[in-house]
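Visitor: The following file, structure10.txt, comprises compact mmCIF, C-alpha atoms:
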# COMPACT_ATOMS: atom_id res chain seq x y z
CA MET A 448 103.49 72.60 149.27
CA THR A 449 104.23 70.05 146.57
CA GLU A 450 100.97 68.19 147.11
CA GLN A 451 99.12 71.32 145.94
CA ALA A 452 101.14 71.88 142.79
CA ILE A 453 99.06 72.77 139.73
CA GLU A 454 98.98 69.87 137.31
CA PRO A 455 98.55 70.98 133.71
CA ARG A 456 95.83 68.94 132.02
CA ALA A 457 95.62 68.34 128.32
CA ILE A 458 91.91 67.53 128.25
CA TYR A 459 89.26 69.45 130.04
CA ASP A 460 85.57 68.82 130.56
CA ALA A 461 83.71 71.98 131.47
CA LEU A 462 81.21 70.04 133.54
CA SER A 463 83.66 68.26 135.78
CA ASP A 464 86.96 69.97 135.40
CA THR A 465 88.48 73.38 135.48
CA PRO A 466 91.10 74.87 133.18
CA THR A 467 94.60 75.54 134.42
CA SER A 468 94.56 78.90 132.66
CA TYR A 469 92.20 81.17 130.75
CA VAL A 470 92.75 82.60 127.31
CA ARG A 471 94.37 86.02 127.21
CA GLU A 472 92.01 88.44 125.50
CA ASP A 473 92.70 91.04 122.83
CA GLU A 474 92.92 94.61 124.03
CA ASP A 475 89.67 95.51 122.25
CA ALA A 476 87.67 92.58 123.65
CA HIS A 477 86.43 94.92 126.38
CA PRO A 478 85.96 98.68 126.48
CA PRO A 479 88.94 100.85 127.48
CA LEU A 480 89.04 102.11 131.06
CA ASP A 481 89.96 105.55 129.70
CA TYR A 482 87.08 106.58 127.45
CA PRO A 483 86.52 110.39 127.38
CA PRO A 484 82.98 110.29 125.88
CA TYR A 485 81.90 108.62 129.16
CA LYS A 486 82.94 111.46 131.40
CA SER A 487 83.06 109.63 134.71
CA THR A 488 85.97 107.52 133.42
CA ALA A 489 88.28 110.58 133.63
CA LEU A 490 89.22 110.24 137.30
CA ARG A 491 88.53 106.53 137.62
CA HIS A 492 91.01 104.84 135.30
CA PRO A 493 94.61 103.86 136.02
CA LYS A 494 97.16 105.99 134.17
CA GLN A 495 99.93 103.43 134.51
CA PRO A 496 99.89 100.42 132.19
CA LEU A 497 98.42 97.21 133.60
CA ILE A 498 101.03 94.69 134.70
CA TYR A 499 100.87 91.16 133.33
CA LEU A 500 99.66 88.77 136.03
CA PRO A 501 100.52 85.13 135.40
CA GLN A 502 97.43 83.03 136.07
CA THR A 503 98.21 81.09 139.21
CA ILE A 504 95.97 78.96 141.36
CA THR A 505 94.48 82.13 142.87
CA GLU A 506 93.22 83.31 139.47
CA VAL A 507 92.00 79.94 138.15
CA THR A 508 89.93 79.07 141.20
CA GLY A 509 86.61 80.60 142.17
CA PRO A 510 84.05 80.59 144.95
CA GLN A 511 81.76 77.72 145.71
CA LEU A 512 78.24 78.76 146.57
CA GLY A 513 77.63 76.75 149.70
CA GLU A 514 75.39 76.65 152.72
CA TRP A 515 76.23 80.27 153.46
CA TRP A 516 74.59 81.44 150.27
CA ARG A 517 70.98 80.70 149.37
CA LEU A 518 68.59 81.62 146.60
CA GLY A 519 65.18 82.93 147.59
CA GLU A 520 62.07 81.37 146.08
CA HIS A 521 61.33 84.35 143.82
CA ASP A 522 64.86 85.53 143.17
CA HIS A 523 64.58 84.57 139.48
CA ASP A 524 61.11 86.11 139.03
CA LEU A 525 61.17 89.87 139.44
CA THR A 526 57.39 90.06 138.87
CA ARG A 527 56.60 88.05 142.01
CA GLN A 528 58.69 89.71 144.68
CA HIS A 529 55.86 91.89 146.00
CA GLU A 530 52.16 91.58 146.75
CA GLY A 531 51.09 93.03 143.44
CA GLU A 532 52.42 92.69 139.92
CA PRO A 533 54.69 95.37 138.52
CA ILE A 534 53.47 97.64 135.71
CA GLY A 535 55.00 97.04 132.30
CA GLN A 536 55.57 94.46 129.61
CA ARG A 537 56.21 91.05 131.20
CA ILE A 538 59.16 89.34 129.54
CA THR A 539 61.45 86.39 130.05
CA VAL A 540 65.20 86.84 129.73
CA ALA A 541 66.96 83.54 129.31
CA GLY A 542 70.00 82.01 127.74
CA HIS A 543 73.13 79.99 128.28
CA VAL A 544 76.40 80.86 129.87
CA TYR A 545 79.18 79.36 127.76
CA ASP A 546 82.90 79.65 127.66
CA THR A 547 84.59 80.67 124.43
CA GLU A 548 84.99 76.99 123.53
CA GLY A 549 81.20 76.78 123.51
CA LYS A 550 81.08 74.63 126.62
CA PRO A 551 78.33 75.38 129.14
CA ILE A 552 79.32 76.82 132.49
CA ARG A 553 77.16 75.21 135.11
CA GLY A 554 76.50 76.25 138.67
CA THR A 555 77.55 79.84 138.20
CA LEU A 556 75.83 82.77 139.83
CA VAL A 557 73.97 85.13 137.48
CA GLU A 558 72.75 88.36 139.08
CA ILE A 559 70.70 91.08 137.38
CA TRP A 560 69.42 94.52 138.27
CA GLN A 561 67.45 97.01 136.22
CA ALA A 562 65.17 100.04 136.05
CA ASN A 563 61.39 99.66 136.06
CA ALA A 564 59.13 100.03 133.01
CA ALA A 565 59.32 103.83 133.33
CA GLY A 566 63.10 103.80 133.41
CA ARG A 567 63.49 104.49 137.12
CA TYR A 568 65.63 102.50 139.55
CA MET A 569 64.49 101.69 143.08
CA HIS A 570 67.56 103.51 144.36
CA ARG A 571 67.90 106.63 146.46
CA TRP A 572 70.25 108.25 143.95
CA ASP A 573 67.85 107.93 141.05
CA ARG A 574 65.78 111.12 141.23
CA TRP A 575 64.54 111.77 137.72
CA PRO A 576 60.79 112.42 137.55
CA ALA A 577 59.52 109.04 136.42
CA PRO A 578 57.28 106.96 138.70
CA LEU A 579 58.61 104.34 141.06
CA ASP A 580 56.73 101.06 141.07
CA PRO A 581 56.12 99.72 144.59
CA ASN A 582 55.80 96.24 143.11
CA PHE A 583 59.16 96.23 141.40
CA SER A 584 62.53 96.16 143.17
CA GLY A 585 64.43 95.31 140.01
CA ALA A 586 66.94 92.75 141.26
CA GLY A 587 67.18 89.02 140.57
CA ARG A 588 69.57 86.13 140.72
CA CYS A 589 69.84 82.50 139.75
CA VAL A 590 72.41 79.79 139.27
CA THR A 591 72.98 78.12 135.88
CA ASP A 592 71.82 74.52 135.52
CA ASP A 593 73.87 71.60 134.20
CA GLU A 594 73.46 72.84 130.62
CA GLY A 595 74.58 76.34 131.60
CA ARG A 596 71.03 77.75 131.33
CA TYR A 597 69.62 80.63 133.30
CA GLN A 598 66.16 82.20 133.14
CA PHE A 599 64.51 85.27 134.62
CA THR A 600 60.99 86.63 134.42
CA THR A 601 60.87 90.40 134.66
CA ILE A 602 59.39 93.46 132.97
CA LYS A 603 60.99 95.30 130.10
CA PRO A 604 62.97 98.24 131.52
CA GLY A 605 62.52 101.73 130.11
CA PRO A 606 65.28 104.01 128.82
CA TYR A 607 66.21 106.95 131.04
CA PRO A 608 68.11 110.24 130.91
CA TRP A 609 71.44 110.78 132.62
CA GLY A 610 73.84 113.65 133.08
CA ASN A 611 76.76 112.68 130.88
CA HIS A 612 76.03 115.29 128.20
CA TYR A 613 73.12 117.36 126.90
CA ASN A 614 70.09 115.13 126.21
CA ALA A 615 71.91 111.94 127.16
CA TRP A 616 69.74 108.81 127.46
CA ARG A 617 70.67 105.27 128.28
CA PRO A 618 69.20 102.64 125.96
CA ALA A 619 66.97 100.20 127.87
CA HIS A 620 69.21 97.61 129.52
CA VAL A 621 69.47 94.95 132.18
CA HIS A 622 72.69 94.83 134.23
CA PHE A 623 74.29 91.37 134.44
CA SER A 624 76.90 90.08 136.86
CA LEU A 625 78.51 86.66 136.31
CA LEU A 626 80.81 85.08 138.81
CA GLY A 627 82.15 82.44 136.41
CA ARG A 628 84.01 79.43 137.73
CA ALA A 629 87.25 81.29 138.40
CA PHE A 630 88.44 84.71 139.48
CA ALA A 631 89.74 85.12 135.92
CA GLN A 632 86.25 84.59 134.46
CA ARG A 633 84.42 87.34 136.37
CA LEU A 634 82.23 89.54 134.13
CA VAL A 635 79.91 92.48 134.70
CA THR A 636 78.02 93.65 131.63
CA GLN A 637 74.70 95.03 130.37
CA MET A 638 72.13 93.37 128.14
CA TYR A 639 70.38 95.55 125.57
CA PHE A 640 67.22 95.07 123.50
CA PRO A 641 67.19 94.78 119.70
CA GLY A 642 66.65 97.92 117.64
CA ASP A 643 66.96 100.44 120.45
CA PRO A 644 66.87 103.97 118.93
CA PHE A 645 69.29 105.27 121.59
CA PHE A 646 72.19 103.02 120.54
CA PRO A 647 73.97 105.58 118.32
CA TYR A 648 74.04 108.18 121.09
CA ASP A 649 75.11 106.15 124.11
CA PRO A 650 78.81 106.35 125.05
CA ILE A 651 78.63 103.32 127.34
CA PHE A 652 77.25 101.03 124.61
CA ASN A 653 79.68 102.53 122.09
CA SER A 654 82.66 102.22 124.41
CA VAL A 655 82.87 98.74 122.91
CA ARG A 656 84.52 99.84 119.69
CA ASP A 657 84.05 96.70 117.63
CA SER A 658 80.54 96.52 116.13
CA ASP A 659 80.48 92.71 116.26
CA ALA A 660 81.35 92.88 119.93
CA ARG A 661 78.54 95.40 120.53
CA GLU A 662 76.13 92.95 118.91
CA ARG A 663 77.08 90.40 121.53
CA MET A 664 75.51 92.64 124.18
CA ILE A 665 72.13 92.78 122.38
CA SER A 666 69.51 90.17 123.19
CA SER A 667 67.29 88.70 120.50
CA PHE A 668 63.53 88.35 120.50
CA SER A 669 62.39 84.73 120.34
CA ILE A 670 58.87 83.86 119.20
CA HIS A 671 59.79 80.24 119.89
CA ASP A 672 60.36 80.92 123.60
CA THR A 673 57.55 83.44 123.92
CA VAL A 674 54.93 82.05 126.30
CA PRO A 675 51.43 82.31 124.74
CA ASP A 676 49.12 84.70 126.57
CA TRP A 677 51.87 85.43 129.09
CA ALA A 678 55.32 86.81 128.27
CA ALA A 679 57.50 87.84 125.33
CA ALA A 680 60.86 86.11 125.34
CA TYR A 681 64.34 87.57 124.91
CA ARG A 682 67.38 85.37 124.56
CA PHE A 683 70.81 86.42 125.73
CA ASP A 684 73.72 84.00 125.61
CA ILE A 685 76.82 85.07 127.50
CA TYR A 686 80.35 83.99 126.69
CA LEU A 687 83.07 83.98 129.33
CA ARG A 688 86.76 83.37 128.67
CA GLY A 689 87.59 79.77 127.96
CA PRO A 690 90.71 77.75 128.69
CA GLY A 691 94.06 79.01 127.50
CA ALA A 692 97.42 77.39 127.11
CA THR A 693 98.82 75.63 130.13
CA PRO A 694 100.58 78.13 132.38
CA PHE A 695 103.94 76.68 131.52
CA GLU A 696 103.47 77.50 127.84
CA GLU A 697 102.42 81.10 128.45
CA ALA A 698 104.62 83.84 127.14
CA HIS A 699 105.93 86.10 129.83
CA MET B 937 88.66 79.79 120.86
CA ILE B 938 85.51 79.41 118.79
CA PHE B 939 83.45 82.23 120.27
CA LYS B 940 84.38 85.67 121.49
CA THR B 941 83.62 86.92 124.96
CA THR B 942 80.68 89.11 125.86
CA PRO B 943 82.18 92.57 126.45
CA SER B 944 82.28 94.21 129.85
CA GLN B 945 80.15 97.25 130.74
CA THR B 946 80.18 99.48 133.78
CA VAL B 947 78.52 98.28 136.98
CA GLY B 948 76.91 101.74 137.03
CA PRO B 949 75.60 103.79 139.96
CA TYR B 950 72.76 101.50 140.99
CA PHE B 951 74.43 98.11 141.59
CA ALA B 952 73.46 98.32 145.26
CA ILE B 953 69.92 97.19 144.43
CA GLY B 954 71.29 93.88 143.16
CA LEU B 955 74.78 92.92 144.25
CA PRO B 956 75.62 93.47 147.93
CA TRP B 957 74.15 91.17 150.53
CA ASP B 958 74.36 91.21 154.33
CA ALA B 959 77.00 88.52 154.76
CA GLY B 960 78.81 89.53 151.57
CA PRO B 961 81.78 91.16 153.29
CA GLN B 962 82.50 87.96 155.26
CA ALA B 963 85.03 85.62 153.68
CA VAL B 964 84.77 83.49 156.80
CA ALA B 965 81.83 82.65 159.04
CA GLU B 966 81.44 85.05 161.94
CA GLY B 967 83.25 83.85 165.06
CA THR B 968 85.94 81.95 163.12
CA PRO B 969 89.17 81.90 165.17
CA GLY B 970 91.91 84.10 163.76
CA THR B 971 89.49 86.48 162.08
CA ILE B 972 90.94 89.77 160.86
CA THR B 973 89.56 92.73 158.95
CA ILE B 974 91.05 94.17 155.80
CA SER B 975 89.88 97.72 155.34
CA GLY B 976 90.80 100.78 153.38
CA THR B 977 89.66 103.65 151.21
CA VAL B 978 89.33 103.87 147.44
CA TYR B 979 90.51 107.19 145.95
CA ASP B 980 89.92 108.74 142.53
CA GLY B 981 92.35 110.81 140.44
CA HIS B 982 91.74 113.92 142.53
CA GLY B 983 92.52 112.03 145.72
CA GLU B 984 88.85 112.11 146.70
CA PRO B 985 87.26 108.98 148.19
CA ILE B 986 84.97 107.19 145.72
CA PRO B 987 81.59 106.98 147.46
CA ASP B 988 80.17 104.26 145.21
CA HIS B 989 82.27 101.19 144.57
CA LEU B 990 82.08 97.43 144.73
CA ILE B 991 85.00 95.34 145.93
CA GLU B 992 85.34 91.57 145.71
CA THR B 993 88.14 89.52 147.19
CA TRP B 994 89.28 85.93 146.65
CA GLN B 995 91.94 84.16 148.65
CA ALA B 996 93.29 80.93 150.14
CA ASP B 997 92.86 79.85 153.75
CA PRO B 998 95.77 79.92 156.24
CA THR B 999 96.99 76.54 154.93
CA GLY B 1000 97.06 77.80 151.33
CA ARG B 1001 93.93 75.98 150.16
CA PHE B 1002 90.94 77.49 148.35
CA ALA B 1003 87.18 77.06 148.81
CA ASP B 1004 87.09 76.44 145.07
CA MET B 1005 83.95 75.28 143.29
CA HIS B 1006 85.89 72.33 141.88
CA GLY B 1007 88.09 71.59 144.86
CA TYR B 1008 91.00 72.58 142.68
CA GLY B 1009 94.40 72.30 144.32
CA GLY B 1010 92.94 70.42 147.27
CA ALA B 1011 89.90 72.05 148.82
CA SER B 1012 90.01 74.08 152.01
CA GLU B 1013 89.03 72.03 155.06
CA MET B 1014 88.58 75.05 157.28
CA ALA B 1015 85.07 75.22 158.77
CA GLY B 1016 83.14 78.27 157.60
CA PHE B 1017 85.82 79.38 155.14
CA ARG B 1018 84.32 80.99 152.01
CA GLY B 1019 87.37 82.73 150.62
CA PHE B 1020 85.13 85.16 148.73
CA ALA B 1021 83.93 88.51 150.01
CA ARG B 1022 81.92 91.27 148.37
CA TYR B 1023 81.62 94.76 149.79
CA GLY B 1024 79.38 97.26 148.05
CA VAL B 1025 78.98 100.88 149.08
CA GLU B 1026 76.51 103.20 147.39
CA ASP B 1027 76.71 106.49 149.27
CA GLY B 1028 79.61 106.05 151.60
CA ASP B 1029 82.91 107.64 152.49
CA GLY B 1030 84.92 105.50 150.07
CA ASN B 1031 85.81 102.99 152.77
CA TYR B 1032 85.47 99.24 152.58
CA GLU B 1033 85.96 96.49 155.14
CA ILE B 1034 85.96 92.74 154.79
CA LEU B 1035 86.12 90.06 157.46
CA THR B 1036 88.54 87.25 156.70
CA VAL B 1037 91.56 85.24 157.85
CA LYS B 1038 95.11 85.79 156.71
CA PRO B 1039 95.88 83.48 153.80
CA GLY B 1040 98.90 81.21 153.78
CA PRO B 1041 101.47 80.93 151.00
CA VAL B 1042 100.18 79.23 147.85
CA PRO B 1043 101.94 77.55 144.94
CA GLY B 1044 103.11 79.68 142.06
CA LEU B 1045 103.98 78.62 138.54
CA GLY B 1046 106.98 76.44 137.85
CA GLY B 1047 107.42 75.17 141.40
CA THR B 1048 107.65 78.60 142.99
CA THR B 1049 105.84 79.71 146.15
CA GLN B 1050 103.73 82.84 146.29
CA ALA B 1051 103.64 85.04 149.36
CA PRO B 1052 100.26 85.31 151.13
CA HIS B 1053 97.98 87.47 148.99
CA VAL B 1054 94.35 88.29 148.27
CA ASP B 1055 93.09 88.92 144.73
CA LEU B 1056 90.85 91.98 144.51
CA THR B 1057 88.33 93.18 141.92
CA LEU B 1058 87.20 96.81 141.99
CA LEU B 1059 84.11 97.93 140.07
CA ALA B 1060 82.42 101.34 140.01
CA ARG B 1061 80.43 103.80 137.98
CA GLY B 1062 82.87 105.39 135.53
CA MET B 1063 84.76 102.12 135.12
CA LEU B 1064 83.90 100.25 131.92
CA ASN B 1065 85.68 97.13 133.12
CA ARG B 1066 86.85 95.87 136.47
CA VAL B 1067 90.36 96.55 137.67
CA VAL B 1068 92.28 93.81 139.43
CA THR B 1069 94.95 94.13 142.08
CA ARG B 1070 96.51 91.99 144.80
CA ILE B 1071 96.78 92.62 148.51
CA TYR B 1072 100.08 91.45 150.01
CA PHE B 1073 101.01 91.80 153.67
CA ALA B 1074 103.75 94.22 154.75
CA ASP B 1075 104.63 92.02 157.75
CA GLU B 1076 105.79 89.18 155.51
CA PRO B 1077 109.04 90.70 154.19
CA GLU B 1078 110.81 87.41 153.55
CA LEU B 1079 107.97 85.74 151.69
CA ASN B 1080 107.28 88.95 149.77
CA ALA B 1081 110.93 89.19 148.72
CA ALA B 1082 110.65 85.71 147.17
CA ASP B 1083 107.24 86.26 145.52
CA PRO B 1084 107.40 85.78 141.74
CA VAL B 1085 104.64 88.32 140.99
CA LEU B 1086 106.02 91.09 143.22
CA ALA B 1087 109.39 90.51 141.56
CA THR B 1088 107.93 91.65 138.21
CA ILE B 1089 106.82 95.02 139.63
CA PRO B 1090 109.14 98.04 139.65
CA ALA B 1091 110.52 98.33 143.18
CA GLU B 1092 109.17 101.86 143.68
CA ARG B 1093 105.59 100.67 143.02
CA ARG B 1094 105.63 97.44 145.07
CA GLY B 1095 104.61 99.28 148.21
CA THR B 1096 101.19 100.04 146.70
CA LEU B 1097 100.37 96.33 147.06
CA LEU B 1098 101.34 96.02 150.72
CA ALA B 1099 98.68 96.10 153.43
CA ASP B 1100 99.85 97.58 156.71
CA ARG B 1101 99.19 95.95 160.07
CA VAL B 1102 96.63 97.88 162.11
CA GLU B 1103 94.64 96.95 165.18
CA GLY B 1104 92.39 93.99 164.33
CA GLY B 1105 93.79 93.42 160.88
CA TYR B 1106 95.27 95.26 157.93
CA ARG B 1107 94.75 98.47 156.00
CA PHE B 1108 94.93 98.55 152.21
CA ASP B 1109 94.06 101.75 150.33
CA ILE B 1110 93.48 101.84 146.59
CA ARG B 1111 94.44 104.83 144.45
CA LEU B 1112 93.16 104.78 140.88
CA GLN B 1113 95.43 107.58 139.67
CA GLY B 1114 98.14 109.98 140.74
CA ASP B 1115 100.80 109.76 143.44
CA GLY B 1116 101.02 106.22 144.71
CA GLU B 1117 98.74 104.86 142.00
CA THR B 1118 98.00 101.26 142.92
CA VAL B 1119 99.46 98.58 140.68
CA PHE B 1120 96.70 96.98 138.62
CA PHE B 1121 97.04 93.75 136.70
CA ALA B 1122 95.99 92.28 133.38
CA VAL B 1123 94.76 88.78 134.23
Translate this file's structure into structure tokens.
Guide:
Amino acid sequence: MTEQAIEPRAIYDALSDTPTSYVREDEDAHPPLDYPPYKSTALRHPKQPLIYLPQTITEVTGPQLGEWWRLGEHDHDLTRQHEGEPIGQRITVAGHVYDTEGKPIRGTLVEIWQANAAGRYMHRWDRWPAPLDPNFSGAGRCVTDDEGRYQFTTIKPGPYPWGNHYNAWRPAHVHFSLLGRAFAQRLVTQMYFPGDPFFPYDPIFNSVRDSDARERMISSFSIHDTVPDWAAAYRFDIYLRGPGATPFEEAH
Amino acid sequence: MIFKTTPSQTVGPYFAIGLPWDAGPQAVAEGTPGTITISGTVYDGHGEPIPDHLIETWQADPTGRFADMHGYGGASEMAGFRGFARYGVEDGDGNYEILTVKPGPVPGLGGTTQAPHVDLTLLARGMLNRVVTRIYFADEPELNAADPVLATIPAERRGTLLADRVEGGYRFDIRLQGDGETVFFAV
């Protein structure tokens, strides 16, 4: 197996190279798995402490999107996936995917899904009495370009009620899934819109306890990117874990 | 580190409109020789199957090489090998099944060799971040005994990471809490 040994590299170029390890994150970088205000966490979080996994070649590699995986023509434009146009405010959602060194992550799969303008998902489990939109499925995907950019055209989703507690409402959001370049970089998150009045009352948003970290989930309106006579623009840059120390320097 | 990461949020109850796709559960092309299934059930803290969950797996091919986006470690040369599978269930019985091949041993840190294993991500409503575990194979006792990651796990919990041989492949159940709680890792 010696020919496959991991060679630690001192210099790394995000466009052509891949780190030999990813930075270990602080405990509060992500929300806790056990978070009582979000009631469904109660039976769905491990009670035993997580065990430290050294980052080996399995964790620092990640899938290549090859011939077996193809983007459809309108996968990035959620307003053009049906015969008619969906109801609602047409918007663009665009940004860069960077690592925490600020280097763009190219060629990574970005997938989104969301409710329609009335706050209803095209999903059999979503039964609250808001209208479905036959022209809006609410799912999109694209792959970042060489500068790490992604862009979607969609409609602004509505907020919606849910059963967590009395009068619980989710702030308007778009779900994001990022494959990253390695198993260690995988991220699933939600993008919010600036100034949402439901922020103070939402346990999922507030499960991120650090207010600066919560801000990183909120998109910003951009008049610069807004397309005249067409679509308001929201920018949302996403940061995935960057390179860490070489594995041989990691504390165990 | 100049920037901080974007925080994780739950995949929620409605991921099925966006994430699963037809060939998602196939880590190898259909008809690949040596194909096996890895299947199991995901249980919550009451021992009830979780009807809505998303599982992703990542692994080497039988020679220990990955279908990595950068060819890292020497790219897999196996025809049709993807190494990545995604299985999403939205109103099921808690079961999952992926189609794959058994991975070979892969290098570990510091010149060690890791026993055959599959990295697994589990996401679901009620989970604010993914959990990560590893599938090892119960019929590899010698390689497992020498595996540097298994060696760090208390002996009485190691069994939670072992997939049992069944007809056509292996069975690997995941328990989020309680008796036999699966070992989960911080990556």
Visitor: Leaving out Met1005 in chain B and any residue of its chain fewer than 4 positions from it, which residues lie within 9 Å of it when counting all atoms listed in the file, given as a list in words?
Guide: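 What passes the distance filter is Thr508, Gly509, Pro510, Gln511, Leu512, Gly554, Arg628 and Ala629 of chain A; Ala1011 of chain B.
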Visitor: For C-alpha atoms, I'd like the residues from the last selection saved as a tab-separated table (two decimals), keeping the file's coordinate frame.
Guide:
chain	number	residue	atom	x	y	z
A	508	THR	CA	89.93	79.07	141.20
A	509	GLY	CA	86.61	80.60	142.17
A	510	PRO	CA	84.05	80.59	144.95
A	511	GLN	CA	81.76	77.72	145.71
A	512	LEU	CA	78.24	78.76	146.57
A	554	GLY	CA	76.50	76.25	138.67
A	628	ARG	CA	84.01	79.43	137.73
A	629	ALA	CA	87.25	81.29	138.40
B	1011	ALA	CA	89.90	72.05	148.82
Visitor: Please find the residues of chain B near chain A - the criterion being any atom within 6 Å, counting all atoms listed in the file - and write them as a list in words.
Guide: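 On the chain B side, the interface is Met937, Ile938, Phe939, Lys940, Thr941, Thr942, Pro943, Ser944, Gln945, Gly954, Asp980, Gly981, Asp1004, Met1005, Gly1009, Gly1044, Gly1062, Met1063, Leu1064, Leu1112, Gln1113, Phe1120, Phe1121, Ala1122 and Val1123 of chain B.
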Visitor: State, in Å with one decimal place, the distance from CA of Arg1018 in chain B to CA of Cys589 in chain A.
Guide: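 Going from CA of Arg1018 in chain B over to CA of Cys589 in chain A, I get 19.0 Å.
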Visitor: Applying 7 Å and all atoms listed in the file, which residues near range 1020-1030 of chain B remain after dropping the ones on its own chain fewer than 3 positions away? List them as number ranges by chain.
Guide: A: 510; B: 952, 956, 960-963, 977-978, 985-995, 1034
Visitor: In Å to one decimal, how far is CA of Pro650 in chain A from CA of Gly535 in chain A?
Guide: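 Taking CA of Gly535 in chain A as the start and CA of Pro650 in chain A as the end point, the length is 26.6 Å.
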Visitor: Between CA of Ala1060 in chain B and CA of Tyr950 in chain B, measure the distance and give it in Å to one decimal.
Guide: 9.7 Å
Visitor: Out of B:Val1037, B:Ala1082, B:Ile1089, B:Ile953, which residue has the shortest atom-to-atom distance to Ile972 in chain B when counting only C-alpha atoms?
Guide: B:Val1037
Visitor: I need every residue sitting at most 8 Å from the point (77.9, 111.1, 124.9) (coordinates as in the file, all atoms listed in the file considered), written as a PyMOL selection string.
Guide: chain A and resi 484-485+611-612+615+648-650
Visitor: Between A:Trp575, A:Phe640, A:Phe599, A:Phe683, which has the minimum distance to Thr539 in chain A (counting all atoms listed in the file)?
Guide: A:Phe599
Visitor: Would you mind listing what lies within 8 Å of Gly983 in chain B as an MDAnalysis selection string, with only C-alpha atoms counted and same-chain residues fewer than 4 positions away left out?
Guide: chainID B and resid 979 1111 1114
Visitor: Suppose we keep C-alpha atoms; can you now write the selection as a PDB file, in the frame of the given file?
Guide:
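Contents of the output file again_35.pdb:
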ATOM      1  CA  TYR B 979      90.510 107.190 145.950  1.00  0.00           C
ATOM      2  CA  ARG B1111      94.440 104.830 144.450  1.00  0.00           C
ATOM      3  CA  GLY B1114      98.140 109.980 140.740  1.00  0.00           C
TER       4      GLY B1114
END
Visitor: Because the input lacks atoms here, generate N, CA and C atoms for range 608-622 of chain A and report them as a JSON list (two decimals), in the frame of the given file.
Guide:
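Saved to part-v9.json:
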[["chain", "number", "residue", "atom", "x", "y", "z"],
["A", 608, "PRO", "N", 67.09, 109.21, 131.14],
["A", 608, "PRO", "CA", 68.11, 110.24, 130.91],
["A", 608, "PRO", "C", 69.19, 110.19, 131.98],
["A", 609, "TRP", "N", 70.37, 110.67, 131.62],
["A", 609, "TRP", "CA", 71.44, 110.78, 132.62],
["A", 609, "TRP", "C", 72.29, 112.00, 132.28],
["A", 610, "GLY", "N", 73.19, 112.34, 133.16],
["A", 610, "GLY", "CA", 73.84, 113.65, 133.08],
["A", 610, "GLY", "C", 75.14, 113.71, 132.32],
["A", 611, "ASN", "N", 75.44, 112.71, 131.52],
["A", 611, "ASN", "CA", 76.76, 112.68, 130.88],
["A", 611, "ASN", "C", 76.98, 113.84, 129.92],
["A", 612, "HIS", "N", 75.95, 114.18, 129.15],
["A", 612, "HIS", "CA", 76.03, 115.29, 128.20],
["A", 612, "HIS", "C", 74.60, 115.75, 127.94],
["A", 613, "TYR", "N", 74.45, 116.83, 127.18],
["A", 613, "TYR", "CA", 73.12, 117.36, 126.90],
["A", 613, "TYR", "C", 72.25, 116.29, 126.23],
["A", 614, "ASN", "N", 71.06, 116.07, 126.78],
["A", 614, "ASN", "CA", 70.09, 115.13, 126.21],
["A", 614, "ASN", "C", 70.64, 113.70, 126.10],
["A", 615, "ALA", "N", 71.37, 113.31, 127.12],
["A", 615, "ALA", "CA", 71.91, 111.94, 127.16],
["A", 615, "ALA", "C", 70.86, 110.98, 127.71],
["A", 616, "TRP", "N", 70.68, 109.85, 127.03],
["A", 616, "TRP", "CA", 69.74, 108.81, 127.46],
["A", 616, "TRP", "C", 70.44, 107.47, 127.36],
["A", 617, "ARG", "N", 70.20, 106.65, 128.37],
["A", 617, "ARG", "CA", 70.67, 105.27, 128.28],
["A", 617, "ARG", "C", 69.66, 104.43, 127.52],
["A", 618, "PRO", "N", 70.11, 103.62, 126.56],
["A", 618, "PRO", "CA", 69.20, 102.64, 125.96],
["A", 618, "PRO", "C", 68.68, 101.71, 127.07],
["A", 619, "ALA", "N", 67.50, 101.14, 126.87],
["A", 619, "ALA", "CA", 66.97, 100.20, 127.87],
["A", 619, "ALA", "C", 67.98, 99.06, 128.05],
["A", 620, "HIS", "N", 68.22, 98.67, 129.28],
["A", 620, "HIS", "CA", 69.21, 97.61, 129.52],
["A", 620, "HIS", "C", 68.94, 96.92, 130.85],
["A", 621, "VAL", "N", 69.47, 95.71, 130.94],
["A", 621, "VAL", "CA", 69.47, 94.95, 132.18],
["A", 621, "VAL", "C", 70.93, 94.72, 132.54],
["A", 622, "HIS", "N", 71.32, 95.08, 133.76],
["A", 622, "HIS", "CA", 72.69, 94.83, 134.23],
["A", 622, "HIS", "C", 72.85, 93.34, 134.56]]
